[in-house]
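K.L.:
Have a peek at structure.cif (mmCIF, C-alpha atoms and all ligand atoms).
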data_final
loop_
_atom_site.label_atom_id
_atom_site.label_comp_id
_atom_site.auth_asym_id
_atom_site.auth_seq_id
_atom_site.Cartn_x
_atom_site.Cartn_y
_atom_site.Cartn_z
CA MET A 1 -31.37 27.29 21.26
CA ILE A 2 -28.92 26.29 18.53
CA TYR A 3 -25.56 25.67 20.15
CA LEU A 4 -22.66 27.07 18.11
CA ASP A 5 -20.05 27.50 20.85
CA TRP A 6 -18.24 24.15 20.78
CA ASN A 7 -14.83 25.75 21.34
CA ALA A 8 -16.04 27.01 24.73
CA THR A 9 -17.26 23.53 25.61
CA ALA A 10 -18.62 20.70 23.48
CA PRO A 11 -21.84 18.89 24.38
CA LEU A 12 -21.27 15.68 26.35
CA HIS A 13 -20.98 12.78 23.89
CA PRO A 14 -23.59 10.03 24.52
CA ALA A 15 -20.78 7.44 24.86
CA ALA A 16 -19.12 9.62 27.52
CA ARG A 17 -22.41 10.01 29.39
CA ALA A 18 -23.02 6.23 29.38
CA ALA A 19 -19.47 5.50 30.57
CA MET A 20 -19.75 8.06 33.36
CA GLU A 21 -23.14 6.84 34.54
CA GLU A 22 -21.63 3.41 35.19
CA TRP A 23 -19.23 4.91 37.71
CA LEU A 24 -21.28 7.66 39.34
CA GLY A 25 -21.92 6.69 42.93
CA VAL A 26 -19.54 3.71 42.88
CA PRO A 27 -17.18 3.98 45.86
CA ALA A 28 -14.14 3.27 43.74
CA ASN A 29 -10.70 4.61 44.56
CA PRO A 30 -8.25 3.18 42.02
CA HIS A 31 -5.57 3.04 44.71
CA ALA A 32 -7.67 0.76 46.95
CA GLN A 33 -6.62 -2.92 47.11
CA HIS A 34 -10.11 -4.47 47.04
CA ALA A 35 -12.07 -5.59 43.98
CA LEU A 36 -13.90 -2.27 43.52
CA GLY A 37 -10.61 -0.38 43.67
CA ARG A 38 -9.00 -2.75 41.19
CA ALA A 39 -11.96 -2.38 38.82
CA ALA A 40 -11.65 1.39 39.03
CA ALA A 41 -7.91 1.20 38.35
CA ALA A 42 -8.62 -0.93 35.28
CA ALA A 43 -11.24 1.58 34.06
CA VAL A 44 -8.80 4.48 34.47
CA ASP A 45 -6.20 2.46 32.59
CA ARG A 46 -8.59 1.79 29.70
CA ALA A 47 -9.33 5.52 29.54
CA ARG A 48 -5.60 6.23 29.52
CA ALA A 49 -5.16 3.83 26.60
CA ALA A 50 -8.01 5.50 24.68
CA VAL A 51 -6.57 9.00 25.18
CA ALA A 52 -3.09 7.74 24.23
CA ALA A 53 -4.40 6.08 21.06
CA ARG A 54 -6.33 9.18 19.97
CA LEU A 55 -3.20 11.32 20.37
CA ASP A 56 -0.67 8.78 19.10
CA TRP A 57 1.26 8.91 22.39
CA PRO A 58 2.71 6.17 24.62
CA ARG A 59 0.13 5.18 27.19
CA ASP A 60 2.50 5.58 30.14
CA GLY A 61 3.08 9.19 29.10
CA VAL A 62 -0.55 10.25 29.72
CA VAL A 63 -1.02 12.14 33.01
CA PHE A 64 -4.62 12.94 33.97
CA THR A 65 -5.11 16.41 35.45
CA GLY A 66 -8.11 18.46 36.54
CA SER A 67 -8.15 20.51 33.34
CA ALA A 68 -6.08 21.69 30.40
CA THR A 69 -5.34 24.79 32.45
CA GLU A 70 -3.74 22.59 35.12
CA ALA A 71 -1.86 20.54 32.50
CA ASN A 72 -0.41 23.77 31.07
CA ALA A 73 0.61 24.96 34.52
CA THR A 74 2.21 21.60 35.38
CA VAL A 75 4.69 21.87 32.54
CA LEU A 76 5.10 25.65 32.32
CA ALA A 77 5.73 26.29 36.03
CA HIS A 78 9.33 25.13 35.54
CA GLY A 79 11.90 27.11 33.58
CA ARG A 80 11.75 30.10 31.23
CA TRP A 81 9.22 29.68 28.44
CA LEU A 82 8.88 31.59 25.21
CA VAL A 83 5.20 31.53 24.22
CA SER A 84 3.27 32.81 21.22
CA ALA A 85 1.23 36.00 21.54
CA VAL A 86 -1.99 34.13 20.72
CA GLU A 87 -1.81 31.41 23.38
CA HIS A 88 -4.70 30.71 25.71
CA PRO A 89 -4.43 32.78 28.94
CA SER A 90 -3.50 29.59 30.85
CA VAL A 91 -0.28 29.51 28.79
CA ARG A 92 0.36 33.25 28.48
CA ALA A 93 0.19 33.47 32.28
CA TRP A 94 3.47 31.51 32.47
CA GLY A 95 5.35 32.94 29.49
CA ALA A 96 8.50 34.83 30.45
CA GLU A 97 8.62 36.18 26.90
CA THR A 98 6.29 36.34 23.91
CA VAL A 99 6.88 35.83 20.20
CA GLY A 100 4.58 37.58 17.73
CA VAL A 101 2.31 36.30 14.96
CA ASP A 102 1.64 37.45 11.39
CA ALA A 103 -1.59 39.09 10.20
CA GLU A 104 -3.15 35.63 9.77
CA GLY A 105 -2.34 34.67 13.36
CA ARG A 106 0.55 32.27 12.63
CA VAL A 107 3.58 32.40 14.90
CA ASP A 108 6.64 34.13 13.41
CA VAL A 109 9.00 31.11 13.17
CA GLY A 110 11.94 33.28 12.04
CA ALA A 111 11.63 35.53 15.09
CA LEU A 112 11.30 32.42 17.26
CA ALA A 113 14.54 30.96 15.86
CA ASP A 114 16.36 34.30 16.28
CA ARG A 115 15.28 34.56 19.90
CA LEU A 116 16.30 30.97 20.66
CA ALA A 117 19.74 31.60 19.11
CA ARG A 118 20.38 34.28 21.77
CA GLY A 119 19.88 31.67 24.53
CA GLY A 120 18.35 31.93 28.01
CA VAL A 121 15.13 30.12 27.11
CA ASP A 122 14.31 26.60 28.37
CA GLY A 123 11.28 25.85 26.26
CA VAL A 124 8.75 27.06 23.69
CA SER A 125 4.98 26.81 23.99
CA VAL A 126 2.95 27.17 20.80
CA MET A 127 -0.60 25.86 20.51
CA LEU A 128 -1.92 23.53 17.81
CA ALA A 129 -5.02 25.56 16.98
CA ASN A 130 -6.26 28.86 18.29
CA ASN A 131 -9.48 28.71 20.27
CA GLU A 132 -10.75 32.10 19.03
CA THR A 133 -9.84 32.03 15.33
CA GLY A 134 -9.18 28.32 14.69
CA VAL A 135 -5.86 29.23 13.03
CA LEU A 136 -3.53 26.21 12.92
CA GLN A 137 0.07 26.88 13.92
CA PRO A 138 3.07 25.60 11.92
CA VAL A 139 3.91 23.08 14.64
CA GLU A 140 6.28 21.01 12.48
CA GLU A 141 8.40 24.10 11.82
CA VAL A 142 8.28 25.11 15.47
CA ALA A 143 9.37 21.60 16.47
CA ALA A 144 12.31 21.72 14.04
CA VAL A 145 13.47 25.10 15.36
CA CYS A 146 13.23 23.84 18.96
CA ARG A 147 15.17 20.68 18.08
CA ARG A 148 17.96 22.70 16.48
CA ALA A 149 18.13 25.01 19.52
CA GLY A 150 18.00 22.09 21.95
CA VAL A 151 14.98 23.37 23.90
CA GLY A 152 11.72 21.63 24.80
CA PHE A 153 8.50 22.15 22.85
CA HIS A 154 5.13 22.21 24.58
CA CYS A 155 1.97 22.28 22.49
CA ASP A 156 -1.46 23.14 23.90
CA ALA A 157 -3.63 20.96 21.66
CA SER A 158 -6.87 21.55 23.58
CA GLN A 159 -8.80 22.50 20.43
CA GLY A 160 -7.38 19.65 18.31
CA PRO A 161 -8.93 16.25 19.01
CA GLY A 162 -12.45 15.92 17.64
CA ARG A 163 -11.70 18.59 15.02
CA VAL A 164 -8.41 17.53 13.34
CA GLU A 165 -6.03 14.57 13.45
CA VAL A 166 -3.52 15.06 16.28
CA ALA A 167 -0.06 13.47 16.22
CA LEU A 168 2.34 16.12 17.44
CA PRO A 169 6.12 16.42 17.18
CA ALA A 170 6.23 17.98 20.66
CA ALA A 171 7.85 16.86 23.92
CA TRP A 172 4.80 17.94 25.95
CA VAL A 173 1.16 18.15 24.88
CA THR A 174 -1.94 19.44 26.68
CA VAL A 175 -5.48 18.25 26.00
CA SER A 176 -8.88 18.99 27.51
CA ALA A 177 -11.74 16.50 27.83
CA HIS A 178 -14.61 18.93 27.52
CA LYS A 179 -13.55 20.30 24.14
CA LEU A 180 -13.93 16.86 22.52
CA GLY A 181 -17.17 15.61 24.08
CA GLY A 182 -15.94 14.59 27.52
CA PRO A 183 -16.91 16.23 30.82
CA THR A 184 -15.43 19.40 32.30
CA GLY A 185 -13.00 19.01 35.17
CA VAL A 186 -10.51 16.66 33.52
CA GLY A 187 -7.62 17.11 31.13
CA ALA A 188 -4.31 15.47 30.39
CA LEU A 189 -0.68 16.36 30.06
CA LEU A 190 1.27 14.12 27.71
CA VAL A 191 4.81 13.86 29.05
CA PRO A 192 8.03 12.50 27.52
CA ARG A 193 8.79 8.88 28.29
CA GLY A 194 10.87 8.56 31.46
CA ALA A 195 10.63 12.26 32.38
CA PRO A 196 10.92 12.63 36.17
CA ALA A 197 7.67 13.74 37.82
CA ARG A 198 7.35 17.47 38.50
CA PRO A 199 4.00 17.73 40.22
CA LEU A 200 2.19 21.00 40.63
CA VAL A 201 -0.13 19.33 43.14
CA ARG A 202 1.95 17.34 45.66
CA GLY A 203 0.84 14.60 47.99
CA GLY A 204 -0.09 11.02 47.11
CA PRO A 205 1.54 8.82 44.47
CA GLN A 206 -1.27 9.05 41.89
CA GLU A 207 -0.34 9.45 38.22
CA ARG A 208 3.16 8.12 38.95
CA GLY A 209 3.83 11.13 41.15
CA TRP A 210 2.82 13.69 38.50
CA ARG A 211 -0.50 14.66 40.04
CA ALA A 212 -1.57 13.90 43.59
CA GLY A 213 -5.22 13.47 44.54
CA THR A 214 -7.78 10.68 44.19
CA HIS A 215 -8.72 10.08 40.56
CA ALA A 216 -12.08 11.46 39.42
CA VAL A 217 -13.06 8.07 37.99
CA PRO A 218 -16.38 9.05 36.31
CA ALA A 219 -14.77 12.09 34.66
CA ILE A 220 -11.74 10.11 33.49
CA VAL A 221 -13.79 7.26 32.00
CA GLY A 222 -15.97 9.89 30.27
CA PHE A 223 -12.82 11.46 28.84
CA GLY A 224 -11.67 8.04 27.58
CA ALA A 225 -15.01 7.28 25.93
CA ALA A 226 -15.15 10.71 24.28
CA ALA A 227 -11.55 10.36 23.05
CA ALA A 228 -12.35 6.96 21.54
CA ALA A 229 -15.37 8.44 19.74
CA ALA A 230 -13.66 11.65 18.54
CA ARG A 231 -13.03 11.95 14.80
CA PRO A 232 -11.64 14.75 12.64
CA MET A 233 -14.34 16.98 11.14
CA VAL A 234 -14.86 18.25 7.63
CA SER A 235 -15.35 21.95 6.91
CA THR A 236 -18.70 21.73 5.04
CA TRP A 237 -20.63 23.72 7.64
CA ARG A 238 -17.95 26.36 8.08
CA ASP A 239 -17.48 26.82 4.33
CA ALA A 240 -21.23 27.22 3.70
CA PHE A 241 -21.46 29.72 6.55
CA GLU A 242 -18.44 31.72 5.40
CA ALA A 243 -19.70 31.84 1.80
CA GLY A 244 -22.87 33.52 3.12
CA LEU A 245 -20.91 35.91 5.32
CA ARG A 246 -19.40 37.71 2.35
CA ALA A 247 -22.80 39.10 1.33
CA LEU A 248 -23.18 40.49 4.85
CA GLY A 249 -19.82 42.26 4.75
CA GLY A 250 -18.17 39.95 7.30
CA ARG A 251 -14.40 39.92 7.69
CA VAL A 252 -13.05 36.54 8.85
CA ALA A 253 -9.97 36.56 11.12
CA GLY A 254 -7.15 34.37 9.79
CA ALA A 255 -9.05 33.77 6.53
CA GLY A 256 -5.78 33.24 4.66
CA ALA A 257 -4.43 30.63 7.08
CA GLU A 258 -5.17 26.95 7.51
CA ARG A 259 -7.81 26.77 10.20
CA LEU A 260 -9.82 24.28 12.19
CA PRO A 261 -12.73 22.99 10.10
CA ASN A 262 -15.25 24.08 12.77
CA THR A 263 -14.33 27.67 13.66
CA THR A 264 -15.09 31.12 12.24
CA ALA A 265 -14.25 34.42 13.94
CA VAL A 266 -15.98 37.20 12.03
CA ALA A 267 -16.09 40.97 12.43
CA PHE A 268 -18.62 43.40 10.97
CA GLU A 269 -17.67 47.03 10.38
CA GLY A 270 -19.14 49.38 12.96
CA VAL A 271 -20.86 46.68 15.04
CA GLU A 272 -19.57 45.43 18.41
CA ALA A 273 -19.29 41.67 18.67
CA ALA A 274 -20.67 41.72 22.23
CA ASP A 275 -23.87 43.40 20.95
CA LEU A 276 -24.20 40.81 18.17
CA VAL A 277 -23.79 37.96 20.65
CA MET A 278 -26.64 39.32 22.78
CA ALA A 279 -28.88 39.93 19.78
CA LEU A 280 -28.19 36.44 18.40
CA ASP A 281 -28.90 34.97 21.82
CA LEU A 282 -32.38 36.51 21.64
CA GLU A 283 -32.75 34.95 18.18
CA GLY A 284 -31.92 31.52 19.66
CA PHE A 285 -28.25 31.11 18.74
CA ALA A 286 -25.46 30.49 21.26
CA VAL A 287 -22.26 32.06 19.92
CA SER A 288 -19.52 34.01 21.67
CA ALA A 289 -17.41 37.13 21.32
CA GLY A 290 -13.88 35.76 21.21
CA ALA A 291 -12.99 33.23 23.87
CA ALA A 292 -15.54 32.37 26.54
CA CYS A 293 -13.03 33.27 29.23
CA ALA A 294 -12.37 36.70 27.69
CA SER A 295 -15.90 37.68 26.70
CA GLY A 296 -17.81 39.74 29.17
CA SER A 297 -14.78 41.97 29.55
CA ALA A 298 -14.67 45.21 27.58
CA GLU A 299 -11.00 44.59 26.73
CA PRO A 300 -10.19 43.88 23.09
CA SER A 301 -9.14 40.28 22.43
CA PRO A 302 -5.34 39.92 22.85
CA VAL A 303 -5.43 37.31 20.09
CA LEU A 304 -6.98 39.67 17.52
CA ARG A 305 -4.76 42.53 18.72
CA ALA A 306 -1.64 40.39 18.20
CA MET A 307 -2.79 39.78 14.60
CA GLY A 308 -3.38 43.49 14.02
CA PHE A 309 -7.02 42.65 13.32
CA ALA A 310 -9.17 45.73 13.90
CA GLY A 311 -12.52 45.43 15.65
CA SER A 312 -14.17 42.70 17.65
CA ALA A 313 -15.20 39.30 16.30
CA VAL A 314 -18.06 36.91 16.88
CA ARG A 315 -16.86 33.33 17.21
CA VAL A 316 -18.99 30.59 15.72
CA SER A 317 -17.74 27.08 16.49
CA VAL A 318 -19.62 23.94 15.52
CA GLY A 319 -19.37 20.20 15.99
CA PRO A 320 -20.10 16.98 14.13
CA THR A 321 -23.79 17.00 15.10
CA THR A 322 -24.50 20.63 14.16
CA PRO A 323 -27.22 20.50 11.46
CA LEU A 324 -26.20 21.96 8.11
CA ASP A 325 -29.38 24.05 7.88
CA ALA A 326 -28.31 25.91 11.03
CA ALA A 327 -25.78 27.77 8.85
CA ASP A 328 -28.57 29.30 6.75
CA ALA A 329 -30.66 29.98 9.83
CA LEU A 330 -27.74 31.80 11.48
CA LEU A 331 -27.05 33.82 8.32
CA GLY A 332 -30.71 34.87 8.24
CA ALA A 333 -30.62 35.92 11.89
CA LEU A 334 -27.34 37.78 11.34
CA ALA A 335 -28.86 39.68 8.39
CA ARG A 336 -31.78 40.81 10.60
CA VAL A 337 -29.61 41.71 13.56
CA LEU A 338 -27.07 43.60 11.43
CA ALA A 339 -29.82 45.55 9.65
CA ARG A 340 -31.16 46.64 13.04
CA ALA A 341 -27.68 47.51 14.34
CA ARG A 342 -26.93 49.53 11.21
CA GLY A 343 -30.30 51.25 11.37
CA GLU A 344 -31.42 49.80 8.03
CA ASP A 345 -34.51 48.04 9.33
CA ALA A 346 -37.17 50.30 7.78
CA GLY A 347 -39.79 47.61 8.34
CA THR A 348 -39.80 47.96 12.10
CA GLY A 349 -38.67 51.57 12.23
N1 LIG A 401 -6.18 25.89 26.07
C1 LIG A 401 -7.01 26.20 25.07
C2 LIG A 401 -6.45 26.42 23.69
C3 LIG A 401 -8.39 26.30 25.29
O1 LIG A 401 -9.20 26.61 24.28
C4 LIG A 401 -8.88 26.08 26.60
C5 LIG A 401 -10.32 26.23 26.87
O2 LIG A 401 -10.83 27.27 27.12
C6 LIG A 401 -7.97 25.77 27.61
C7 LIG A 401 -6.63 25.67 27.32
C8 LIG A 401 -8.43 25.52 29.03
O3 LIG A 401 -9.11 24.30 29.12
P1 LIG A 401 -9.75 23.82 30.48
O4 LIG A 401 -11.11 24.40 30.53
O5 LIG A 401 -9.78 22.31 30.38
O6 LIG A 401 -8.88 24.29 31.58
#
Would you mind writing the file's structure down as structure tokens?
P.N.:
Amino acid sequence: MIYLDWNATAPLHPAARAAMEEWLGVPANPHAQHALGRAAAAAVDRARAAVAARLDWPRDGVVFTGSATEANATVLAHGRWLVSAVEHPSVRAWGAETVGVDAEGRVDVGALADRLARGGVDGVSVMLANNETGVLQPVEEVAAVCRRAGVGFHCDASQGPGRVEVALPAAWVTVSAHKLGGPTGVGALLVPRGAPARPLVRGGPQERGWRAGTHAVPAIVGFGAAAAAARPMVSTWRDAFEAGLRALGGRVAGAGAERLPNTTAVAFEGVEAADLVMALDLEGFAVSAGAACASGSAEPSPVLRAMGFAGSAVRVSVGPTTPLDAADALLGALARVLARARGEDAGTG
């Protein structure tokens, strides 16, 4: 199986695996006073420093959570948020209002500014990069509009680290470990320096009151190791793949926008993406139809709908270890599968 679904979850990085193995089975609660507890606290702190360095954020502003979903909820549960129409469901779930995007999937900054001028909004949440299309949002412009309006800016950057450089002009940032080579079950919310804790999960004093519950030490050290190893990618694979798609009649969502170097969402006239995903699975390729959390449902993707993009799209998302020849192999498989779907495969009747 050739794995081309890194935006759903990236394979565990060997450095993350090694770091985690050291802590699996160690009875280490970082809040314990004894030597094992202190060692665990130091390991969590090193991971915090690694995540902070990767995201160019003060170390004491990194709050470990159980996921990016939880990090989003921690910040968005308070106040009235204006969110873009293409946010991940874990952000859209909290948006009191939505601002639209253009045909390339970029948020309409003019409409955002107009809405903020009318007042009644506490904050804006616009992602760094879309998980389905890879389209990068104009976060500098969004930040400037929020500054002028005097409202907070939250950016879900879950698809950023390990794909592009991330240094965001936002007050709040969300990241996810498992998108960048860390384990599932851990994420982080980057909070403004000195912001008073507003925990979603209440109880103990962990994470300076931001998130109660004993630290998942192996997961957190895995996150730290993966963050330290994460580097921006180049678009060689994606560009080679997309060049071949033209001959197959593929239409790439957000083709005119700046996008992540690892992501292609492509639609083929008259062929359902869900059918292509199943056919490609049989050919040995793991790809998805839109987001992993949305696929499996017959509903059209809200992200593509917001862009006015007709049809359903197959998402191909790769990583730094994806072999270049897998692009040709996938194009070959797509040609076979599409010929069958379009009834052109005279060879097999
Ligand atoms: N935000 C974005 C943009 C994502 O792509 C994802 C992953 O599906 C999430 C949030 C949720 O991440 P997690 O699985 O860590 O909750």
K.L.:
Skip Glu22 of chain A itself and residues of its chain fewer than 5 positions away, then list as an NGL selection string all residues within 12 Å of it, counting all atoms listed in the file.
P.N.:
:A and (15-17 or 27-28 or 39-40 or 43 or 217-219 or 221-222)
K.L.:
Neighbouring residues of Ala247 of chain A were defined as those with any atom within 12 Å, considering only C-alpha atoms; residues of the same chain fewer than 4 positions away were excluded. Please report them as a PyMOL selection string.
P.N.:
chain A and resi 241-243+251+268+331-332+334-335+338
K.L.:
Using only C-alpha atoms and all ligand atoms, which residue out of A:Arg46, A:Lys179, A:Arg238, A:Arg315 lies closest to ligand LIG 401 (chain A)?
P.N.:
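Comparing A:Arg46, A:Lys179, A:Arg238, A:Arg315 against ligand LIG 401 (chain A), the winner is A:Lys179.
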K.L.:
Could you report the residues within 6 Å of ligand LIG 401 (chain A), using all atoms listed in the file, as a list of chain:residue names?
P.N.:
A:Ala8, A:Ser67, A:Ala68, A:Thr69, A:His88, A:Asn130, A:Asn131, A:Asp156, A:Ser158, A:Gln159, A:Ser176, A:Gly187
K.L.:
Using C-alpha atoms, can you export the residues from the last selection as a short mmCIF file (atom, residue, chain, number, x, y, z; two decimals), in the coordinates of the input?
P.N.:
data_model
loop_
_atom_site.label_atom_id
_atom_site.label_comp_id
_atom_site.auth_asym_id
_atom_site.auth_seq_id
_atom_site.Cartn_x
_atom_site.Cartn_y
_atom_site.Cartn_z
CA ALA A 8 -16.04 27.01 24.73
CA SER A 67 -8.15 20.51 33.34
CA ALA A 68 -6.08 21.69 30.40
CA THR A 69 -5.34 24.79 32.45
CA HIS A 88 -4.70 30.71 25.71
CA ASN A 130 -6.26 28.86 18.29
CA ASN A 131 -9.48 28.71 20.27
CA ASP A 156 -1.46 23.14 23.90
CA SER A 158 -6.87 21.55 23.58
CA GLN A 159 -8.80 22.50 20.43
CA SER A 176 -8.88 18.99 27.51
CA GLY A 187 -7.62 17.11 31.13
#
K.L.:
Which residue gives the smallest distance to Ala129 of chain A among A:Gly270, A:Pro261, A:Gly95, A:Gly204, with only C-alpha atoms counted?
P.N.:
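Closest to Ala129 of chain A of all the choices is A:Pro261.
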K.L.:
Nearest to Gly256 of chain A among A:Val175, A:Leu136, A:Val109, A:Ala85, with distances taken over only C-alpha atoms: which residue is it?
P.N.:
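Among A:Val175, A:Leu136, A:Val109, A:Ala85, it is A:Leu136 that comes nearest to Gly256 of chain A.
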K.L.:
If I take atom CA of Gly152 of chain A and atom CA of Arg54 of chain A, how far is one from the other in Å, to one decimal?
P.N.:
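Those two atoms sit 22.5 Å apart.
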K.L.:
If I take atom CA of Arg48 of chain A and atom CA of Thr174 of chain A, how far is one from the other in Å, to one decimal?
P.N.:
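Distance reported for this atom pair: 14.0 Å.
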K.L.:
At a cut-off of 10 Å from (2.3, 4.2, 30.4) in the coordinates of the file, what residues are picked up using only C-alpha atoms, written as a list in words?
P.N.:
Asp45, Arg48, Ala49, Ala52, Trp57, Pro58, Arg59, Asp60, Gly61, Val62, Val63, Arg193, Gly194, Glu207 and Arg208 of chain A
K.L.:
Go through A:Ala289, A:Ala149, A:Val318, A:Ala310 one by one, measure the shortest atom-to-atom distance of each to Arg118 of chain A using only C-alpha atoms, and give the residue with the smallest value.
P.N.:
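Distance minimum relative to Arg118 of chain A lands on A:Ala149.
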K.L.:
For a test of reading the model, state the distance in Å between atom CA of Arg246 of chain A and atom CA of Phe285 of chain A, rounded to one decimal.
P.N.:
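We find that atom CA of Arg246 of chain A and atom CA of Phe285 of chain A lie 19.8 Å from each other.
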K.L.:
Write out as a ChimeraX atom specification which residues come within 10 Å of Gly150 of chain A when counting only C-alpha atoms, dropping same-chain ones fewer than 2 positions away.
P.N.:
/A:116,121-123,144-148,152-153
K.L.:
Could you write segment 68-86 of chain A as a JSON list (two decimals), keeping the file's coordinate frame, with N, CA and C atoms rebuilt where they are missing?
P.N.:
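To be explicit, this is the file written out as out_35.json:
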[["chain", "number", "residue", "atom", "x", "y", "z"],
["A", 68, "ALA", "N", -7.19, 21.29, 31.26],
["A", 68, "ALA", "CA", -6.08, 21.69, 30.40],
["A", 68, "ALA", "C", -5.30, 22.82, 31.05],
["A", 69, "THR", "N", -6.01, 23.69, 31.73],
["A", 69, "THR", "CA", -5.34, 24.79, 32.45],
["A", 69, "THR", "C", -4.29, 24.23, 33.42],
["A", 70, "GLU", "N", -4.68, 23.21, 34.16],
["A", 70, "GLU", "CA", -3.74, 22.59, 35.12],
["A", 70, "GLU", "C", -2.60, 21.88, 34.38],
["A", 71, "ALA", "N", -2.91, 21.22, 33.27],
["A", 71, "ALA", "CA", -1.86, 20.54, 32.50],
["A", 71, "ALA", "C", -0.84, 21.57, 32.01],
["A", 72, "ASN", "N", -1.33, 22.70, 31.51],
["A", 72, "ASN", "CA", -0.41, 23.77, 31.07],
["A", 72, "ASN", "C", 0.47, 24.24, 32.22],
["A", 73, "ALA", "N", -0.15, 24.47, 33.36],
["A", 73, "ALA", "CA", 0.61, 24.96, 34.52],
["A", 73, "ALA", "C", 1.64, 23.93, 34.97],
["A", 74, "THR", "N", 1.30, 22.65, 34.90],
["A", 74, "THR", "CA", 2.21, 21.60, 35.38],
["A", 74, "THR", "C", 3.53, 21.62, 34.62],
["A", 75, "VAL", "N", 3.44, 21.86, 33.31],
["A", 75, "VAL", "CA", 4.69, 21.87, 32.54],
["A", 75, "VAL", "C", 5.34, 23.26, 32.55],
["A", 76, "LEU", "N", 4.54, 24.31, 32.53],
["A", 76, "LEU", "CA", 5.10, 25.65, 32.32],
["A", 76, "LEU", "C", 5.58, 26.32, 33.62],
["A", 77, "ALA", "N", 5.28, 25.70, 34.76],
["A", 77, "ALA", "CA", 5.73, 26.29, 36.03],
["A", 77, "ALA", "C", 7.24, 26.15, 36.23],
["A", 78, "HIS", "N", 7.88, 25.34, 35.39],
["A", 78, "HIS", "CA", 9.33, 25.13, 35.54],
["A", 78, "HIS", "C", 10.07, 25.74, 34.36],
["A", 79, "GLY", "N", 11.03, 26.59, 34.63],
["A", 79, "GLY", "CA", 11.90, 27.11, 33.58],
["A", 79, "GLY", "C", 11.35, 28.37, 32.93],
["A", 80, "ARG", "N", 12.12, 28.87, 31.96],
["A", 80, "ARG", "CA", 11.75, 30.10, 31.23],
["A", 80, "ARG", "C", 11.17, 29.72, 29.89],
["A", 81, "TRP", "N", 9.92, 30.09, 29.65],
["A", 81, "TRP", "CA", 9.22, 29.68, 28.44],
["A", 81, "TRP", "C", 8.98, 30.87, 27.52],
["A", 82, "LEU", "N", 9.21, 30.63, 26.27],
["A", 82, "LEU", "CA", 8.88, 31.59, 25.21],
["A", 82, "LEU", "C", 7.55, 31.11, 24.63],
["A", 83, "VAL", "N", 6.54, 31.97, 24.65],
["A", 83, "VAL", "CA", 5.20, 31.53, 24.22],
["A", 83, "VAL", "C", 4.69, 32.45, 23.11],
["A", 84, "SER", "N", 3.79, 31.95, 22.29],
["A", 84, "SER", "CA", 3.27, 32.81, 21.22],
["A", 84, "SER", "C", 2.28, 33.81, 21.80],
["A", 85, "ALA", "N", 2.09, 34.91, 21.07],
["A", 85, "ALA", "CA", 1.23, 36.00, 21.54],
["A", 85, "ALA", "C", -0.25, 35.61, 21.51],
["A", 86, "VAL", "N", -0.58, 34.48, 20.85],
["A", 86, "VAL", "CA", -1.99, 34.13, 20.72],
["A", 86, "VAL", "C", -2.37, 32.91, 21.56]]
